[in-house]
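Just run_24.csv here, CSV, C-alpha atoms and all ligand atoms:
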chain,number,residue,atom,x,y,z
A,1,MET,CA,-126.1,-46.0,-100.4
A,2,ARG,CA,-126.0,-47.5,-96.9
A,3,VAL,CA,-125.6,-44.9,-94.2
A,4,PRO,CA,-124.1,-46.1,-90.9
A,5,PRO,CA,-126.0,-45.2,-87.7
A,6,VAL,CA,-123.3,-42.7,-86.5
A,7,ILE,CA,-121.7,-40.1,-88.6
A,8,GLY,CA,-118.8,-37.9,-87.3
A,9,HIS,CA,-120.1,-34.3,-87.5
A,10,ARG,CA,-117.5,-32.0,-89.1
A,11,GLY,CA,-115.2,-35.0,-88.5
A,12,ALA,CA,-115.0,-35.8,-84.8
A,13,SER,CA,-115.4,-32.1,-84.0
A,14,GLY,CA,-115.8,-32.7,-80.2
A,15,HIS,CA,-112.2,-34.0,-80.1
A,16,ALA,CA,-110.4,-32.0,-82.8
A,17,PRO,CA,-110.9,-28.8,-84.8
A,18,GLU,CA,-113.9,-29.1,-87.0
A,19,ASN,CA,-113.6,-29.7,-90.8
A,20,THR,CA,-109.8,-30.3,-90.6
A,21,LEU,CA,-108.0,-33.5,-91.6
A,22,VAL,CA,-107.1,-34.3,-88.1
A,23,ALA,CA,-110.8,-34.2,-87.2
A,24,ILE,CA,-111.5,-36.6,-90.1
A,25,GLU,CA,-108.7,-39.0,-88.9
A,26,ARG,CA,-109.9,-38.8,-85.3
A,27,ALA,CA,-113.4,-39.8,-86.4
A,28,ALA,CA,-112.0,-42.9,-88.1
A,29,THR,CA,-109.8,-43.8,-85.1
A,30,LEU,CA,-112.8,-43.5,-82.9
A,31,GLY,CA,-114.8,-46.0,-85.0
A,32,ALA,CA,-116.9,-43.7,-87.2
A,33,ARG,CA,-117.4,-45.2,-90.7
A,34,TRP,CA,-118.7,-41.9,-92.2
A,35,VAL,CA,-118.0,-38.2,-91.6
A,36,GLU,CA,-120.0,-35.1,-92.5
A,37,VAL,CA,-118.2,-32.0,-93.7
A,38,ASP,CA,-119.1,-28.5,-95.0
A,39,ALA,CA,-117.8,-27.4,-98.4
A,40,LYS,CA,-117.5,-23.9,-99.8
A,41,LEU,CA,-115.4,-21.9,-102.3
A,42,THR,CA,-112.6,-19.4,-101.7
A,43,ALA,CA,-112.5,-16.2,-103.7
A,44,ASP,CA,-110.6,-17.9,-106.5
A,45,ASP,CA,-112.9,-20.9,-106.6
A,46,VAL,CA,-110.9,-23.5,-104.7
A,47,LEU,CA,-113.2,-25.9,-102.8
A,48,ILE,CA,-112.3,-26.1,-99.1
A,49,LEU,CA,-113.8,-27.5,-95.9
A,50,MET,CA,-115.2,-24.7,-93.8
A,51,HIS,CA,-118.5,-24.2,-91.9
A,52,ASP,CA,-118.7,-20.4,-91.4
A,53,ASP,CA,-118.8,-17.7,-94.1
A,54,THR,CA,-116.2,-15.8,-92.1
A,55,LEU,CA,-112.8,-16.8,-90.7
A,56,GLU,CA,-112.9,-15.5,-87.2
A,57,ARG,CA,-114.4,-18.4,-85.2
A,58,THR,CA,-112.3,-21.3,-86.4
A,59,THR,CA,-109.1,-19.6,-87.7
A,60,ASN,CA,-106.6,-16.9,-86.8
A,61,GLY,CA,-107.7,-15.0,-90.0
A,62,ARG,CA,-110.3,-12.3,-90.4
A,63,GLY,CA,-113.0,-11.5,-93.0
A,64,ALA,CA,-115.2,-13.3,-95.5
A,65,VAL,CA,-114.1,-16.6,-97.0
A,66,ALA,CA,-115.6,-15.6,-100.3
A,67,ALA,CA,-113.3,-12.6,-100.5
A,68,ILE,CA,-110.0,-14.4,-99.7
A,69,PRO,CA,-107.9,-16.4,-102.2
A,70,TYR,CA,-106.7,-19.9,-101.4
A,71,ALA,CA,-103.1,-18.8,-101.2
A,72,GLU,CA,-104.1,-16.7,-98.1
A,73,ILE,CA,-106.5,-19.3,-96.7
A,74,ILE,CA,-103.8,-22.0,-96.6
A,75,LYS,CA,-101.6,-19.8,-94.4
A,76,LEU,CA,-104.2,-19.7,-91.7
A,77,ASP,CA,-104.1,-21.6,-88.4
A,78,ALA,CA,-107.3,-23.6,-88.1
A,79,GLY,CA,-106.4,-25.5,-85.0
A,80,SER,CA,-105.2,-23.3,-82.2
A,81,TRP,CA,-108.7,-21.9,-81.5
A,82,PHE,CA,-109.7,-25.4,-80.5
A,83,ALA,CA,-106.7,-26.4,-78.3
A,84,PRO,CA,-102.9,-25.8,-78.3
A,85,ALA,CA,-102.2,-29.3,-79.4
A,86,PHE,CA,-103.7,-28.5,-82.8
A,87,VAL,CA,-101.6,-25.4,-83.6
A,88,GLY,CA,-100.7,-25.3,-87.3
A,89,GLU,CA,-103.6,-27.4,-88.5
A,90,ARG,CA,-104.7,-26.0,-91.9
A,91,ILE,CA,-108.0,-25.6,-93.7
A,92,PRO,CA,-108.1,-28.6,-96.1
A,93,THR,CA,-108.9,-28.5,-99.7
A,94,PHE,CA,-111.8,-30.7,-100.7
A,95,ALA,CA,-109.4,-32.8,-102.7
A,96,ALA,CA,-107.2,-33.5,-99.6
A,97,PHE,CA,-110.4,-34.4,-97.7
A,98,VAL,CA,-111.4,-37.0,-100.3
A,99,ALA,CA,-107.9,-38.5,-100.4
A,100,THR,CA,-108.0,-38.8,-96.6
A,101,CYS,CA,-111.4,-40.5,-96.6
A,102,GLN,CA,-110.2,-42.9,-99.3
A,103,ARG,CA,-107.1,-43.7,-97.4
A,104,LEU,CA,-109.1,-44.4,-94.2
A,105,GLY,CA,-112.0,-46.2,-95.9
A,106,LEU,CA,-114.5,-43.5,-94.7
A,107,GLY,CA,-117.7,-42.6,-96.4
A,108,ALA,CA,-118.9,-39.0,-96.4
A,109,ASN,CA,-121.9,-36.7,-96.3
A,110,VAL,CA,-120.7,-33.6,-98.2
A,111,GLU,CA,-122.8,-30.6,-97.2
A,112,ILE,CA,-122.7,-27.9,-99.8
A,113,LYS,CA,-122.5,-24.8,-97.7
A,114,PRO,CA,-122.2,-21.8,-100.1
A,115,CYS,CA,-121.1,-18.4,-99.1
A,116,PRO,CA,-123.8,-15.8,-99.9
A,117,GLY,CA,-124.4,-15.5,-103.7
A,118,ARG,CA,-122.3,-18.5,-104.5
A,119,SER,CA,-124.9,-21.3,-104.5
A,120,ARG,CA,-124.7,-22.3,-108.1
A,121,ALA,CA,-120.9,-22.1,-108.3
A,122,THR,CA,-120.4,-24.1,-105.1
A,123,ALA,CA,-122.9,-26.8,-106.2
A,124,VAL,CA,-121.1,-27.1,-109.6
A,125,ALA,CA,-117.7,-27.3,-107.9
A,126,VAL,CA,-118.8,-30.1,-105.6
A,127,ALA,CA,-120.3,-32.0,-108.5
A,128,GLU,CA,-117.1,-31.6,-110.6
A,129,ALA,CA,-114.8,-32.5,-107.7
A,130,LEU,CA,-116.7,-35.6,-106.9
A,131,ARG,CA,-116.8,-36.7,-110.5
A,132,GLY,CA,-113.1,-36.5,-110.7
A,133,LEU,CA,-112.3,-38.0,-107.3
A,134,TRP,CA,-115.1,-40.1,-105.9
A,135,SER,CA,-117.3,-42.3,-108.0
A,136,ALA,CA,-121.0,-42.3,-107.2
A,137,GLY,CA,-120.8,-46.1,-107.8
A,138,THR,CA,-118.9,-46.6,-104.5
A,139,GLY,CA,-122.2,-46.0,-102.6
A,140,ASN,CA,-120.4,-44.2,-99.8
A,141,VAL,CA,-120.9,-40.6,-100.7
A,142,LEU,CA,-124.0,-38.5,-100.0
A,143,VAL,CA,-124.4,-34.8,-100.8
A,144,SER,CA,-126.8,-32.5,-99.0
A,145,SER,CA,-127.5,-28.8,-98.5
A,146,PHE,CA,-129.9,-26.4,-96.7
A,147,ASP,CA,-129.7,-24.2,-99.8
A,148,PRO,CA,-132.5,-24.9,-102.2
A,149,GLU,CA,-130.6,-23.3,-105.2
A,150,ALA,CA,-127.5,-25.4,-104.5
A,151,ARG,CA,-129.7,-28.5,-104.3
A,152,SER,CA,-131.5,-27.9,-107.5
A,153,VAL,CA,-128.3,-27.1,-109.4
A,154,PHE,CA,-126.7,-30.2,-108.0
A,155,GLN,CA,-129.7,-32.4,-109.0
A,156,VAL,CA,-129.3,-31.2,-112.6
A,157,VAL,CA,-125.5,-31.3,-112.9
A,158,ALA,CA,-124.8,-34.5,-110.9
A,159,PRO,CA,-127.9,-36.7,-111.0
A,160,GLU,CA,-125.9,-39.8,-110.4
A,161,TYR,CA,-125.0,-38.8,-106.8
A,162,PRO,CA,-127.5,-39.2,-103.9
A,163,LEU,CA,-128.7,-35.9,-102.6
A,164,GLY,CA,-130.1,-35.3,-99.1
A,165,LEU,CA,-132.7,-32.8,-98.2
A,166,LEU,CA,-131.2,-30.9,-95.3
A,167,SER,CA,-133.6,-28.8,-93.2
A,168,SER,CA,-133.5,-27.1,-89.9
A,169,SER,CA,-137.1,-28.3,-89.1
A,170,PRO,CA,-139.1,-31.2,-90.4
A,171,PRO,CA,-140.0,-30.4,-94.0
A,172,THR,CA,-143.7,-30.1,-94.7
A,173,GLU,CA,-145.5,-32.5,-97.1
A,174,ALA,CA,-145.6,-29.6,-99.6
A,175,ALA,CA,-141.9,-29.0,-99.2
A,176,LEU,CA,-141.2,-32.7,-99.7
A,177,ASP,CA,-143.4,-32.8,-102.8
A,178,ALA,CA,-141.7,-29.7,-104.2
A,179,ALA,CA,-138.1,-30.9,-103.5
A,180,GLY,CA,-137.7,-33.1,-106.5
A,181,ARG,CA,-135.3,-36.0,-106.2
A,182,PHE,CA,-133.9,-36.7,-102.7
A,183,ALA,CA,-132.2,-39.8,-101.3
A,184,SER,CA,-132.4,-38.9,-97.6
A,185,ILE,CA,-133.9,-36.4,-95.2
A,186,HIS,CA,-131.7,-34.6,-92.6
A,187,VAL,CA,-133.3,-32.7,-89.8
A,188,ASP,CA,-132.2,-30.8,-86.7
A,189,VAL,CA,-132.7,-33.1,-83.6
A,190,LYS,CA,-134.2,-30.1,-81.7
A,191,THR,CA,-137.2,-30.1,-83.9
A,192,LEU,CA,-137.9,-33.8,-84.3
A,193,THR,CA,-140.8,-35.6,-82.6
A,194,LYS,CA,-142.0,-39.2,-82.8
A,195,LYS,CA,-144.9,-38.1,-84.9
A,196,GLU,CA,-142.7,-36.2,-87.4
A,197,VAL,CA,-140.3,-39.1,-87.6
A,198,LYS,CA,-143.2,-41.4,-88.6
A,199,ARG,CA,-144.4,-38.9,-91.2
A,200,LEU,CA,-141.0,-38.4,-92.7
A,201,LYS,CA,-140.1,-42.1,-92.7
A,202,SER,CA,-143.2,-42.7,-94.8
A,203,ARG,CA,-141.2,-41.2,-97.7
A,204,GLY,CA,-139.2,-44.4,-97.8
A,205,VAL,CA,-135.7,-42.8,-97.6
A,206,PRO,CA,-133.2,-42.7,-94.7
A,207,LEU,CA,-133.9,-40.1,-92.0
A,208,LEU,CA,-130.8,-38.5,-90.5
A,209,SER,CA,-130.6,-36.1,-87.5
A,210,TYR,CA,-128.1,-33.6,-86.3
A,211,THR,CA,-126.4,-32.9,-83.9
A,212,VAL,CA,-126.7,-35.7,-81.3
A,213,ASN,CA,-124.1,-35.9,-78.6
A,214,GLU,CA,-126.1,-37.6,-75.9
A,215,PRO,CA,-126.5,-41.4,-76.0
A,216,LYS,CA,-129.9,-41.2,-74.4
A,217,ILE,CA,-131.2,-38.9,-77.2
A,218,ALA,CA,-129.6,-41.1,-79.8
A,219,ARG,CA,-131.3,-44.2,-78.4
A,220,ARG,CA,-134.7,-42.4,-78.4
A,221,LEU,CA,-134.3,-41.4,-82.0
A,222,PHE,CA,-133.3,-44.8,-83.2
A,223,GLY,CA,-136.3,-46.2,-81.3
A,224,TRP,CA,-138.5,-43.9,-83.3
A,225,GLY,CA,-137.0,-45.1,-86.5
A,226,VAL,CA,-134.3,-42.5,-87.3
A,227,ASP,CA,-131.6,-44.2,-89.4
A,228,ALA,CA,-128.5,-42.2,-88.5
A,229,VAL,CA,-127.3,-39.4,-86.3
A,230,PHE,CA,-124.5,-36.8,-86.8
A,231,SER,CA,-122.4,-36.5,-83.7
A,232,ASP,CA,-119.4,-34.4,-82.6
A,233,VAL,CA,-118.5,-37.3,-80.4
A,234,PRO,CA,-119.2,-40.4,-82.5
A,235,ASP,CA,-117.3,-42.6,-80.0
A,236,ARG,CA,-119.7,-41.7,-77.2
A,237,ILE,CA,-122.7,-42.6,-79.3
A,238,LEU,CA,-121.1,-45.8,-80.7
A,239,GLY,CA,-120.0,-46.8,-77.2
A,240,ALA,CA,-123.6,-46.5,-75.9
A,241,LEU,CA,-125.1,-48.4,-78.9
A,242,ASN,CA,-122.6,-51.3,-78.4
A,243,ALA,CA,-123.0,-51.4,-74.7
B,1,LIG,O1,-125.3,-31.7,-92.2
B,1,LIG,C1,-125.8,-31.7,-90.9
B,1,LIG,C2,-125.4,-30.5,-90.1
B,1,LIG,O2,-124.0,-30.3,-90.3
B,1,LIG,C3,-126.1,-29.2,-90.6
B,1,LIG,O3,-125.8,-28.1,-89.8
B,1,LIG,O4,-124.7,-26.0,-89.3
B,1,LIG,O5,-123.7,-28.1,-88.5
B,1,LIG,O6,-123.6,-27.5,-90.9
B,1,LIG,P1,-124.4,-27.4,-89.6
B,2,MG,MG,-122.8,-29.3,-91.8

Kindly return the structure encoded in the file as structure tokens.
Ligand code: G3P
Ligand code: MG
Amino acid sequence: MRVPPVIGHRGASGHAPENTLVAIERAATLGARWVEVDAKLTADDVLILMHDDTLERTTNGRGAVAAIPYAEIIKLDAGSWFAPAFVGERIPTFAAFVATCQRLGLGANVEIKPCPGRSRATAVAVAEALRGLWSAGTGNVLVSSFDPEARSVFQVVAPEYPLGLLSSSPPTEAALDAAGRFASIHVDVKTLTKKEVKRLKSRGVPLLSYTVNEPKIARRLFGWGVDAVFSDVPDRILGALNA
């Protein structure tokens, strides 16, 4: 697995509605080689791209994703909240997302983002979907999760896929020791210091940081040894790196 330095966060979510196919396509157009997305299950166990557990913020629907079947989810408008130009954009299935990445030559960090109580089912669904659609041997797919249960289930059911330890603060040495297998560490930029980067890098796996939209901050992180940043505006970070 070779992670590029800039990963489009939820696609290019500063330019297009997050976790939609148009946001994935925009990331590729803007030069990103990988995207990060959030995956969760509908009430009837269809794997979709969606960040929140509820529909209100990013769609014209209401209620909990876990309570609504895919036949209803697919009717929702997931674009107009972002800008009128995106009216009619739909919540994609995970399968449609994978097909889009493969068409565009994009790699992906798939974040398992279970709705409450659905950790095991969501981890298994991501594992099964990847097995059917995206071989681990391609080296351009990385799975991650904040959810310890989702991570431990995924480790067992899909050991062939790299799994990232995703944490809102730098994991302690005890947490790293207890985490089992991990292929990368992903940490909130707001909590990272030079000292923590050095400590985490001593584990010998790539260190990734979210969400970085300012080139100055990206440069500082790379100077400390961070391997990759997730950005809503990958073009802005890539432009500054190439300048
Ligand atoms: O996977 C990195 C980042 O996406 C984690 O936070 O809330 O944006 O999914 P969030
Ligand atoms: Mg995410």

### Query
Counting all atoms listed in the file, which protein, DNA or RNA residues come within 7 Å of ligand MG 2 (chain B), given as a PyMOL selection string?
chain A and resi 10+36-38+51+111

Near A:Leu104, within 10 Å and counting only C-alpha atoms, which residues show up once chain neighbours fewer than 3 positions away are dropped, as a PDB file with C-alpha atoms, in the frame of the given file?
ATOM      1  CA  ILE A  24    -111.500 -36.600 -90.100  1.00  0.00           C
ATOM      2  CA  GLU A  25    -108.700 -39.000 -88.900  1.00  0.00           C
ATOM      3  CA  ALA A  28    -112.000 -42.900 -88.100  1.00  0.00           C
ATOM      4  CA  THR A  29    -109.800 -43.800 -85.100  1.00  0.00           C
ATOM      5  CA  ARG A  33    -117.400 -45.200 -90.700  1.00  0.00           C
ATOM      6  CA  VAL A  98    -111.400 -37.000-100.300  1.00  0.00           C
ATOM      7  CA  ALA A  99    -107.900 -38.500-100.400  1.00  0.00           C
ATOM      8  CA  THR A 100    -108.000 -38.800 -96.600  1.00  0.00           C
ATOM      9  CA  CYS A 101    -111.400 -40.500 -96.600  1.00  0.00           C
ATOM     10  CA  GLY A 107    -117.700 -42.600 -96.400  1.00  0.00           C
TER      11      GLY A 107
END

#### Entry: Surrounding residues as an MDAnalysis selection string, ligand LIG 1 (chain B), max 10 Å, all atoms listed in the file
chainID A and resid 7:10 18 35:39 50:52 109:113 143:146 164:168 186:188 208:211 229:232

### Straight-line distance linking atom CA of A:His15 with atom CA of A:Gly239, stated in Å to one decimal
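Those two atoms sit 15.3 Å apart.
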
### Query
From the set A:Pro148, A:Pro116, A:Gly11, A:Pro215, which residue has the shortest atom-to-atom contact distance to A:Arg236, counting all atoms listed in the file?
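Of the candidates, the smallest distance to A:Arg236 is held by A:Pro215.
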
### Message
Set the distance at 12 Å and use only C-alpha atoms: which residues neighbour A:Asp45 once local chain neighbours fewer than 3 positions away are removed? I'd like the list as a VMD selection string.
### Response
chain A and resid 39 to 42 48 65 to 71 73 93 to 94 114 to 115 118 120 to 126 129

Using all atoms listed in the file, tabulate the residues of stretch 188-229 of chain A lying at most 12 Å from any atom of stretch 172-183 of chain A, each with its closest atom pair and that distance in Å to one decimal, by chain and increasing residue number, as CSV.
residue,atom,partner,partner_atom,distance
A:Glu196,CA,A:Thr172,CA,9.6
A:Val197,CA,A:Thr172,CA,12.0
A:Arg199,CA,A:Glu173,CA,8.8
A:Leu200,CA,A:Glu173,CA,8.6
A:Lys201,CA,A:Leu176,CA,11.8
A:Ser202,CA,A:Glu173,CA,10.7
A:Arg203,CA,A:Leu176,CA,8.7
A:Gly204,CA,A:Ala183,CA,9.1
A:Val205,CA,A:Ala183,CA,5.9
A:Pro206,CA,A:Ala183,CA,7.3
A:Leu207,CA,A:Ala183,CA,9.5
A:Leu208,CA,A:Ala183,CA,11.0

### Task
Report the distance between atom CA of A:Ser169 and atom CA of A:Val141 in Å, rounded to one decimal place.
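Value for the atom CA of A:Ser169-atom CA of A:Val141 distance: 23.4 Å.
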
### Task
Name the residues within 12 Å of (-142.1, -38.7, -82.5), counting all atoms listed in the file in the file's coordinates, and put them as a VMD selection string.
chain A and resid 170 189 to 201 220 to 226

### Task
Find the distance between atom CA of A:Pro4 and atom CA of A:Ala95 and write it in Å to one decimal.
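Here the two named atoms are 23.1 Å from each other.
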
### Task
Please check which residues have atoms at most 6 Å from (-118.9, -32.6, -79.9) in the file's coordinates, counting all atoms listed in the file, and write them as a count of residues only.
4

#### Entry: 10 Å contact set for stretch 135-140 of chain A, only C-alpha atoms, chain neighbours under 4 positions out, as a list of chain:residue names
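After dropping sequence-adjacent residues, the list is A:Met1, A:Arg2, A:Val3, A:Pro4, A:Arg33, A:Trp34, A:Gly105, A:Leu106, A:Gly107, A:Ala108, A:Asn109, A:Leu130, A:Arg131, A:Ala158, A:Pro159, A:Glu160, A:Tyr161, A:Pro162.
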